[in-house]
$ cat input18.csv   # CSV, C-alpha atoms
chain,number,residue,atom,x,y,z
A,1,MET,CA,-3.5,-14.5,43.4
A,2,LYS,CA,-5.5,-11.2,43.5
A,3,HIS,CA,-2.2,-9.2,43.4
A,4,ALA,CA,-1.0,-11.1,40.3
A,5,LEU,CA,-4.3,-10.6,38.5
A,6,GLY,CA,-4.2,-6.9,39.4
A,7,ILE,CA,-0.7,-6.6,37.9
A,8,GLN,CA,-1.8,-8.4,34.7
A,9,LYS,CA,-4.8,-6.0,34.4
A,10,GLN,CA,-2.5,-3.0,34.8
A,11,LEU,CA,-0.1,-4.3,32.2
A,12,ARG,CA,-3.0,-4.8,29.7
A,13,VAL,CA,-4.2,-1.2,30.4
A,14,GLN,CA,-0.7,0.2,29.8
A,15,GLU,CA,-0.3,-1.8,26.6
A,16,GLN,CA,-3.6,-0.5,25.3
A,17,ARG,CA,-2.6,3.0,26.1
A,18,LEU,CA,0.7,2.6,24.3
A,19,ARG,CA,-1.1,1.3,21.2
A,20,GLU,CA,-3.5,4.2,21.3
A,21,GLN,CA,-0.6,6.7,21.6
A,22,GLU,CA,1.3,5.0,18.8
A,23,ARG,CA,-1.8,5.1,16.6
A,24,GLY,CA,-2.3,8.8,17.3
A,25,LEU,CA,1.4,9.5,16.4
A,26,LEU,CA,1.0,7.6,13.1
A,27,GLU,CA,-2.2,9.5,12.2
A,28,ALA,CA,-0.4,12.8,13.1
A,29,ASP,CA,2.5,11.8,10.8
A,30,ILE,CA,0.1,11.2,7.9
A,31,ALA,CA,-1.8,14.4,8.5
A,32,PHE,CA,1.5,16.3,8.5
A,33,LEU,CA,2.6,14.8,5.2
A,34,LYS,CA,-0.7,15.7,3.6
A,35,SER,CA,-0.5,19.2,4.9
A,36,GLN,CA,2.7,19.8,3.0
A,37,ILE,CA,0.9,19.7,-0.3
A,38,ASN,CA,-2.0,21.9,-1.4
A,39,PRO,CA,-4.4,19.5,-3.1
A,40,HIS,CA,-6.3,22.2,-4.8
A,41,PHE,CA,-3.2,23.6,-6.5
A,42,LEU,CA,-1.9,20.1,-7.3
A,43,PHE,CA,-5.0,18.9,-9.0
A,44,ASN,CA,-5.5,22.1,-10.9
A,45,ALA,CA,-2.0,21.8,-12.2
A,46,LEU,CA,-2.5,18.2,-13.2
A,47,ASN,CA,-5.7,19.0,-15.0
A,48,PHE,CA,-4.0,21.8,-16.9
A,49,LEU,CA,-1.1,19.5,-17.9
A,50,TYR,CA,-3.7,16.9,-19.1
A,51,ALA,CA,-5.5,19.4,-21.3
A,52,GLN,CA,-2.2,20.6,-22.7
A,53,VAL,CA,-0.7,17.2,-23.4
A,54,TYR,CA,-3.7,15.3,-24.7
A,55,PRO,CA,-3.6,16.8,-28.3
A,56,LEU,CA,0.1,15.9,-28.5
A,57,SER,CA,0.3,12.5,-26.9
A,58,GLU,CA,-2.7,10.4,-25.6
A,59,PRO,CA,-0.4,8.0,-23.7
A,60,THR,CA,1.3,10.9,-21.9
A,61,ALA,CA,-2.1,12.4,-21.1
A,62,LYS,CA,-3.2,9.1,-19.7
A,63,SER,CA,-0.1,9.0,-17.5
A,64,VAL,CA,-1.1,12.5,-16.1
A,65,LEU,CA,-4.6,11.2,-15.4
A,66,LEU,CA,-3.3,8.1,-13.6
A,67,LEU,CA,-0.9,10.2,-11.6
A,68,SER,CA,-3.8,12.5,-10.6
A,69,ASP,CA,-5.9,9.5,-9.4
A,70,ILE,CA,-2.9,8.2,-7.4
A,71,MET,CA,-2.3,11.5,-5.7
A,72,ARG,CA,-6.0,12.1,-5.0
A,73,TYR,CA,-6.2,8.7,-3.3
A,74,ALA,CA,-3.1,9.2,-1.3
A,75,LEU,CA,-4.2,12.7,-0.1
A,76,ASN,CA,-7.9,12.3,0.3
A,77,GLU,CA,-8.7,8.8,1.4
A,78,GLY,CA,-9.2,7.7,4.9
A,79,GLY,CA,-12.8,8.0,6.0
A,80,GLU,CA,-14.4,6.7,9.2
A,81,GLN,CA,-11.9,5.1,11.6
A,82,GLY,CA,-9.2,5.9,9.0
A,83,LYS,CA,-10.2,3.1,6.7
A,84,VAL,CA,-11.3,2.8,3.1
A,85,MET,CA,-13.1,0.4,0.9
A,86,LEU,CA,-10.9,-2.5,-0.2
A,87,ASP,CA,-12.0,-2.0,-3.8
A,88,LYS,CA,-10.4,1.5,-3.8
A,89,GLU,CA,-7.2,0.2,-2.3
A,90,ILE,CA,-6.9,-2.4,-5.0
A,91,GLN,CA,-7.7,0.1,-7.7
A,92,HIS,CA,-4.9,2.2,-6.3
A,93,LEU,CA,-2.5,-0.7,-6.8
A,94,ARG,CA,-3.8,-1.2,-10.4
A,95,ASN,CA,-3.3,2.5,-11.1
A,96,TYR,CA,0.3,2.3,-9.8
A,97,VAL,CA,1.1,-0.7,-12.0
A,98,ALA,CA,-0.6,1.0,-15.1
A,99,LEU,CA,1.3,4.2,-14.6
A,100,ASN,CA,4.6,2.3,-14.6
A,101,GLN,CA,3.6,0.3,-17.6
A,102,LEU,CA,3.1,3.6,-19.5
A,103,ARG,CA,6.5,4.8,-18.4
A,104,PHE,CA,8.1,1.7,-19.9
A,105,GLY,CA,6.0,1.3,-23.0
A,106,GLN,CA,4.0,-1.7,-21.7
A,107,GLN,CA,7.2,-3.7,-21.5
A,108,LEU,CA,7.1,-4.6,-17.8
A,109,GLN,CA,6.3,-8.3,-17.0
A,110,VAL,CA,3.7,-8.1,-14.3
A,111,ARG,CA,1.0,-10.6,-13.2
A,112,PHE,CA,-1.6,-8.9,-11.1
A,113,GLU,CA,-4.2,-11.3,-9.7
A,114,VAL,CA,-7.3,-10.8,-7.5
A,115,GLN,CA,-9.2,-13.7,-6.1
A,116,GLY,CA,-12.4,-13.6,-4.2
A,117,SER,CA,-14.9,-10.9,-3.5
A,118,THR,CA,-13.5,-7.5,-2.4
A,119,GLN,CA,-16.8,-5.7,-1.9
A,120,PHE,CA,-18.0,-4.3,1.3
A,121,LEU,CA,-14.7,-4.7,3.2
A,122,LEU,CA,-12.7,-1.9,4.8
A,123,ILE,CA,-8.9,-1.7,5.1
A,124,LEU,CA,-6.3,0.8,6.3
A,125,PRO,CA,-5.3,2.9,3.3
A,126,LEU,CA,-1.9,2.9,1.7
A,127,VAL,CA,-0.8,-0.4,3.3
A,128,LEU,CA,-0.7,-2.7,0.4
A,129,ILE,CA,1.0,-0.2,-1.9
A,130,THR,CA,4.2,-0.3,0.1
A,131,PHE,CA,4.8,-3.9,-0.9
A,132,VAL,CA,4.1,-3.3,-4.6
A,133,GLU,CA,6.3,-0.2,-4.6
A,134,ASN,CA,9.2,-2.3,-3.2
A,135,CYS,CA,8.8,-4.7,-6.1
A,136,PHE,CA,9.2,-1.9,-8.6
A,137,LYS,CA,12.1,-0.4,-6.6
A,138,HIS,CA,14.2,-3.6,-6.4
A,139,GLY,CA,12.7,-5.9,-9.0
A,140,GLU,CA,13.9,-7.1,-12.4
A,141,LEU,CA,10.7,-6.4,-14.3
A,142,PHE,CA,11.7,-7.1,-17.9
A,143,ASP,CA,12.2,-10.9,-17.6
A,144,ALA,CA,9.2,-12.7,-19.2
A,145,ALA,CA,10.4,-16.0,-17.6
A,146,HIS,CA,10.2,-14.5,-14.1
A,147,PRO,CA,7.5,-11.8,-14.0
A,148,LEU,CA,6.6,-9.8,-11.0
A,149,LEU,CA,3.7,-11.5,-9.2
A,150,VAL,CA,1.2,-9.6,-7.2
A,151,GLN,CA,-1.7,-11.8,-5.8
A,152,VAL,CA,-4.6,-10.6,-3.6
A,153,ARG,CA,-6.8,-13.2,-2.2
A,154,VAL,CA,-9.9,-12.6,-0.1
A,155,GLU,CA,-12.1,-15.0,1.8
A,156,GLU,CA,-14.9,-13.5,3.9
A,157,ASN,CA,-13.1,-11.0,6.1
A,158,GLN,CA,-9.6,-12.2,5.6
A,159,LEU,CA,-7.0,-10.9,3.1
A,160,TRP,CA,-3.8,-12.4,1.8
A,161,LEU,CA,-1.3,-10.4,-0.2
A,162,TYR,CA,1.6,-12.2,-1.9
A,163,THR,CA,4.3,-10.5,-3.9
A,164,SER,CA,7.3,-12.1,-5.6
A,165,ASN,CA,10.0,-10.7,-7.8
A,166,ARG,CA,13.5,-11.4,-9.0
A,167,LYS,CA,16.1,-8.8,-7.8
A,168,ARG,CA,17.5,-6.3,-10.2
A,169,THR,CA,21.3,-6.4,-10.5
A,170,GLY,CA,21.8,-2.8,-11.6
A,171,PRO,CA,20.7,0.6,-10.1
A,172,VAL,CA,17.4,0.4,-8.1
A,173,GLU,CA,14.4,2.7,-8.4
A,174,HIS,CA,14.0,5.4,-5.8
A,175,SER,CA,10.8,5.0,-3.8
A,176,THR,CA,8.7,7.8,-2.3
A,177,GLY,CA,6.4,5.4,-0.4
A,178,ILE,CA,5.9,5.5,3.3
A,179,GLY,CA,8.3,2.6,3.8
A,180,LEU,CA,8.2,-0.9,5.1
A,181,ASP,CA,9.1,0.1,8.7
A,182,ASN,CA,6.3,2.6,8.9
A,183,THR,CA,3.9,0.0,7.4
A,184,ARG,CA,4.9,-2.5,10.1
A,185,ARG,CA,4.1,0.1,12.7
A,186,ARG,CA,0.7,0.9,11.2
A,187,LEU,CA,-0.2,-2.7,11.0
A,188,ALA,CA,0.8,-3.3,14.6
A,189,ALA,CA,-1.2,-0.3,15.8
A,190,ILE,CA,-4.4,-0.9,13.8
A,191,TYR,CA,-4.4,-4.7,13.4
A,192,PRO,CA,-2.9,-6.0,16.7
A,193,GLU,CA,-3.1,-9.8,16.8
A,194,ARG,CA,-4.9,-9.7,13.5
A,195,HIS,CA,-2.1,-9.7,11.0
A,196,GLN,CA,1.0,-11.7,10.0
A,197,LEU,CA,3.8,-10.4,7.8
A,198,THR,CA,6.6,-12.5,6.4
A,199,VAL,CA,9.4,-11.1,4.2
A,200,HIS,CA,12.0,-13.3,2.5
A,201,ASP,CA,15.0,-11.4,1.2
A,202,GLY,CA,17.0,-13.9,-0.8
A,203,PRO,CA,20.1,-13.6,-2.9
A,204,ASP,CA,18.2,-13.4,-6.2
A,205,SER,CA,14.5,-13.0,-5.2
A,206,TYR,CA,12.3,-11.1,-2.8
A,207,THR,CA,8.9,-12.2,-1.5
A,208,THR,CA,6.3,-10.9,1.0
A,209,HIS,CA,3.3,-12.6,2.5
A,210,LEU,CA,0.8,-10.5,4.4
A,211,HIS,CA,-2.3,-11.9,6.1
A,212,LEU,CA,-4.9,-9.5,7.5
A,213,VAL,CA,-8.1,-10.1,9.4
A,214,LEU,CA,-10.1,-7.1,8.2

$ encode --input "input18.csv" --output "structure tokens"
Amino acid sequence: MKHALGIQKQLRVQEQRLREQERGLLEADIAFLKSQINPHFLFNALNFLYAQVYPLSEPTAKSVLLLSDIMRYALNEGGEQGKVMLDKEIQHLRNYVALNQLRFGQQLQVRFEVQGSTQFLLILPLVLITFVENCFKHGELFDAAHPLLVQVRVEENQLWLYTSNRKRTGPVEHSTGIGLDNTRRRLAAIYPERHQLTVHDGPDSYTTHLHLVL
């Protein structure tokens, strides 16, 4: 009996070490990606473009400003314990949707809903955006009868994200996001036993359900 308990304890320790190693690798991956871009140069360039474009086209200037906010969040966020305020993560989603609306003349059919209080909660950054990016990459977004649906619901320290879209039949949009596989790894490393992700890839539609205990 003692021998069996000892083996179980060793297995738990090994599992914990593997999770810590995987978390370290993921953090190193993100740090490497950020190091490939000089933020000072990037934001100076975007500010220059904004000033040059604004007198000619206010919508285009607004697009540059949104892009600057999106890039700033992606490069700079991730405070203590690698987490950010949930409010900021949701604003990042809103900026992404708004930028795409500007690209397509406000013609995209998108329902973005947030339910519950999002204040004073922390979340791993750049997790939710992956699922929204996939909708824009694969979705038919001009059908008013079947709009893209993005729902965020919060109850106490629990979050639910639901996305649903009809599939596009023509060429798909190229995505530069971190990717679904990487997001699964990050969720497993940071929220072990505290998340559930279900993806349904149907013939005509694509849905995701994510539940997180923050």

$ closest_residue --input "input18.csv" --among "A:His209, A:Leu126, A:Leu49, A:Arg12" --to "Gly82 in chain A" --atoms "all atoms listed in the file"
A:Leu126

$ atom_distance --input "input18.csv" --atom1 "CA of Thr208 in chain A" --atom2 "CA of Val110 in chain A"
15.8 Å

$ closest_residue --input "input18.csv" --among "A:Pro125, A:Arg194, A:Arg111, A:His211" --to "Ser164 in chain A" --atoms "only C-alpha atoms"
A:Arg111

$ atom_distance --input "input18.csv" --atom1 "CA of Leu66 in chain A" --atom2 "CA of Gln101 in chain A"
11.2 Å

$ residues_around --input "input18.csv" --residues "Leu86 in chain A" --least-positions-apart "5" --cutoff "9 Å" --atoms "all atoms listed in the file" --output "ChimeraX atom specification"
/A:91,118-125

$ closest_residue --input "input18.csv" --among "A:Val127, A:Ala45, A:Leu67, A:Ala188" --to "Val97 in chain A" --atoms "all atoms listed in the file"
A:Leu67

$ atom_distance --input "input18.csv" --atom1 "CA of Arg103 in chain A" --atom2 "CA of Pro59 in chain A"
9.3 Å

$ residues_around --input "input18.csv" --residues "range 145-158 of chain A" --least-positions-apart "3" --cutoff "7 Å" --atoms "only C-alpha atoms" --output "MDAnalysis selection string"
chainID A and resid 109:118 141 161:166 212:214

$ closest_residue --input "input18.csv" --among "A:Lys137, A:His200, A:Lys88, A:Arg168" --to "Arg72 in chain A" --atoms "all atoms listed in the file"
A:Lys88

$ closest_residue --input "input18.csv" --among "A:Ser205, A:Leu159, A:His195, A:Phe131" --to "Asn182 in chain A" --atoms "only C-alpha atoms"
A:Phe131

$ closest_residue --input "input18.csv" --among "A:Lys62, A:Asp204, A:Trp160, A:Leu180" --to "Glu140 in chain A" --atoms "only C-alpha atoms"
A:Asp204

$ residues_around --input "input18.csv" --residues "Ser68 in chain A" --least-positions-apart "2" --cutoff "9 Å" --atoms "only C-alpha atoms" --output "count of residues only"
12

$ decode --input "input18.csv" --residues "range 122-154 of chain A" --atoms "N, CA and C atoms" --output "tab-separated table (two decimals), in the first residue's frame"
chain	number	residue	atom	x	y	z
A	122	LEU	N	-8.72	38.36	-13.93
A	122	LEU	CA	-7.52	38.20	-14.73
A	122	LEU	C	-7.65	37.00	-15.66
A	123	ILE	N	-7.00	37.11	-16.83
A	123	ILE	CA	-7.04	36.03	-17.80
A	123	ILE	C	-5.71	35.98	-18.55
A	124	LEU	N	-5.35	34.83	-19.04
A	124	LEU	CA	-4.18	34.69	-19.89
A	124	LEU	C	-4.41	35.49	-21.18
A	125	PRO	N	-3.47	36.37	-21.56
A	125	PRO	CA	-3.73	37.22	-22.74
A	125	PRO	C	-3.68	36.44	-24.04
A	126	LEU	N	-4.40	36.95	-25.04
A	126	LEU	CA	-4.37	36.44	-26.41
A	126	LEU	C	-4.85	34.99	-26.50
A	127	VAL	N	-5.78	34.63	-25.61
A	127	VAL	CA	-6.42	33.31	-25.70
A	127	VAL	C	-7.73	33.42	-26.48
A	128	LEU	N	-8.58	34.35	-26.10
A	128	LEU	CA	-9.89	34.46	-26.72
A	128	LEU	C	-9.80	34.89	-28.19
A	129	ILE	N	-8.79	35.68	-28.54
A	129	ILE	CA	-8.70	36.22	-29.89
A	129	ILE	C	-8.55	35.11	-30.92
A	130	THR	N	-7.94	33.99	-30.55
A	130	THR	CA	-7.74	32.90	-31.49
A	130	THR	C	-9.05	32.41	-32.07
A	131	PHE	N	-10.07	32.29	-31.22
A	131	PHE	CA	-11.35	31.76	-31.67
A	131	PHE	C	-12.09	32.78	-32.55
A	132	VAL	N	-11.94	34.06	-32.23
A	132	VAL	CA	-12.56	35.10	-33.04
A	132	VAL	C	-11.86	35.21	-34.40
A	133	GLU	N	-10.53	35.12	-34.40
A	133	GLU	CA	-9.77	35.15	-35.65
A	133	GLU	C	-10.21	34.02	-36.58
A	134	ASN	N	-10.43	32.84	-36.01
A	134	ASN	CA	-10.85	31.70	-36.84
A	134	ASN	C	-12.19	31.97	-37.52
A	135	CYS	N	-13.07	32.68	-36.83
A	135	CYS	CA	-14.37	33.02	-37.43
A	135	CYS	C	-14.18	33.91	-38.65
A	136	PHE	N	-13.28	34.89	-38.54
A	136	PHE	CA	-13.03	35.78	-39.67
A	136	PHE	C	-12.27	35.06	-40.79
A	137	LYS	N	-11.47	34.09	-40.41
A	137	LYS	CA	-10.69	33.37	-41.40
A	137	LYS	C	-11.56	32.45	-42.25
A	138	HIS	N	-12.51	31.77	-41.61
A	138	HIS	CA	-13.30	30.74	-42.30
A	138	HIS	C	-14.76	31.13	-42.53
A	139	GLY	N	-15.23	32.20	-41.88
A	139	GLY	CA	-16.67	32.44	-41.85
A	139	GLY	C	-17.21	33.22	-43.03
A	140	GLU	N	-18.49	32.98	-43.31
A	140	GLU	CA	-19.27	33.81	-44.24
A	140	GLU	C	-19.86	34.93	-43.41
A	141	LEU	N	-19.36	36.15	-43.60
A	141	LEU	CA	-19.67	37.24	-42.70
A	141	LEU	C	-20.59	38.30	-43.31
A	142	PHE	N	-21.14	38.02	-44.49
A	142	PHE	CA	-21.99	39.01	-45.16
A	142	PHE	C	-23.45	38.57	-45.21
A	143	ASP	N	-23.77	37.47	-44.57
A	143	ASP	CA	-25.13	36.93	-44.59
A	143	ASP	C	-25.88	37.43	-43.36
A	144	ALA	N	-26.81	38.38	-43.57
A	144	ALA	CA	-27.55	38.96	-42.44
A	144	ALA	C	-28.41	37.93	-41.73
A	145	ALA	N	-28.83	36.89	-42.44
A	145	ALA	CA	-29.67	35.85	-41.84
A	145	ALA	C	-28.86	34.94	-40.92
A	146	HIS	N	-27.54	34.89	-41.11
A	146	HIS	CA	-26.68	34.03	-40.29
A	146	HIS	C	-25.43	34.81	-39.89
A	147	PRO	N	-25.57	35.77	-38.99
A	147	PRO	CA	-24.40	36.58	-38.60
A	147	PRO	C	-23.42	35.78	-37.76
A	148	LEU	N	-22.19	36.24	-37.78
A	148	LEU	CA	-21.19	35.71	-36.85
A	148	LEU	C	-21.63	36.09	-35.44
A	149	LEU	N	-21.61	35.10	-34.55
A	149	LEU	CA	-22.00	35.34	-33.16
A	149	LEU	C	-20.81	35.11	-32.25
A	150	VAL	N	-20.49	36.13	-31.45
A	150	VAL	CA	-19.45	36.02	-30.43
A	150	VAL	C	-20.09	36.41	-29.10
A	151	GLN	N	-20.16	35.46	-28.18
A	151	GLN	CA	-20.77	35.70	-26.88
A	151	GLN	C	-19.75	35.43	-25.77
A	152	VAL	N	-19.63	36.40	-24.88
A	152	VAL	CA	-18.81	36.24	-23.68
A	152	VAL	C	-19.73	36.37	-22.48
A	153	ARG	N	-19.73	35.36	-21.62
A	153	ARG	CA	-20.57	35.40	-20.43
A	153	ARG	C	-19.70	35.15	-19.20
A	154	VAL	N	-19.91	35.97	-18.18
A	154	VAL	CA	-19.10	35.88	-16.96
A	154	VAL	C	-20.02	35.76	-15.76
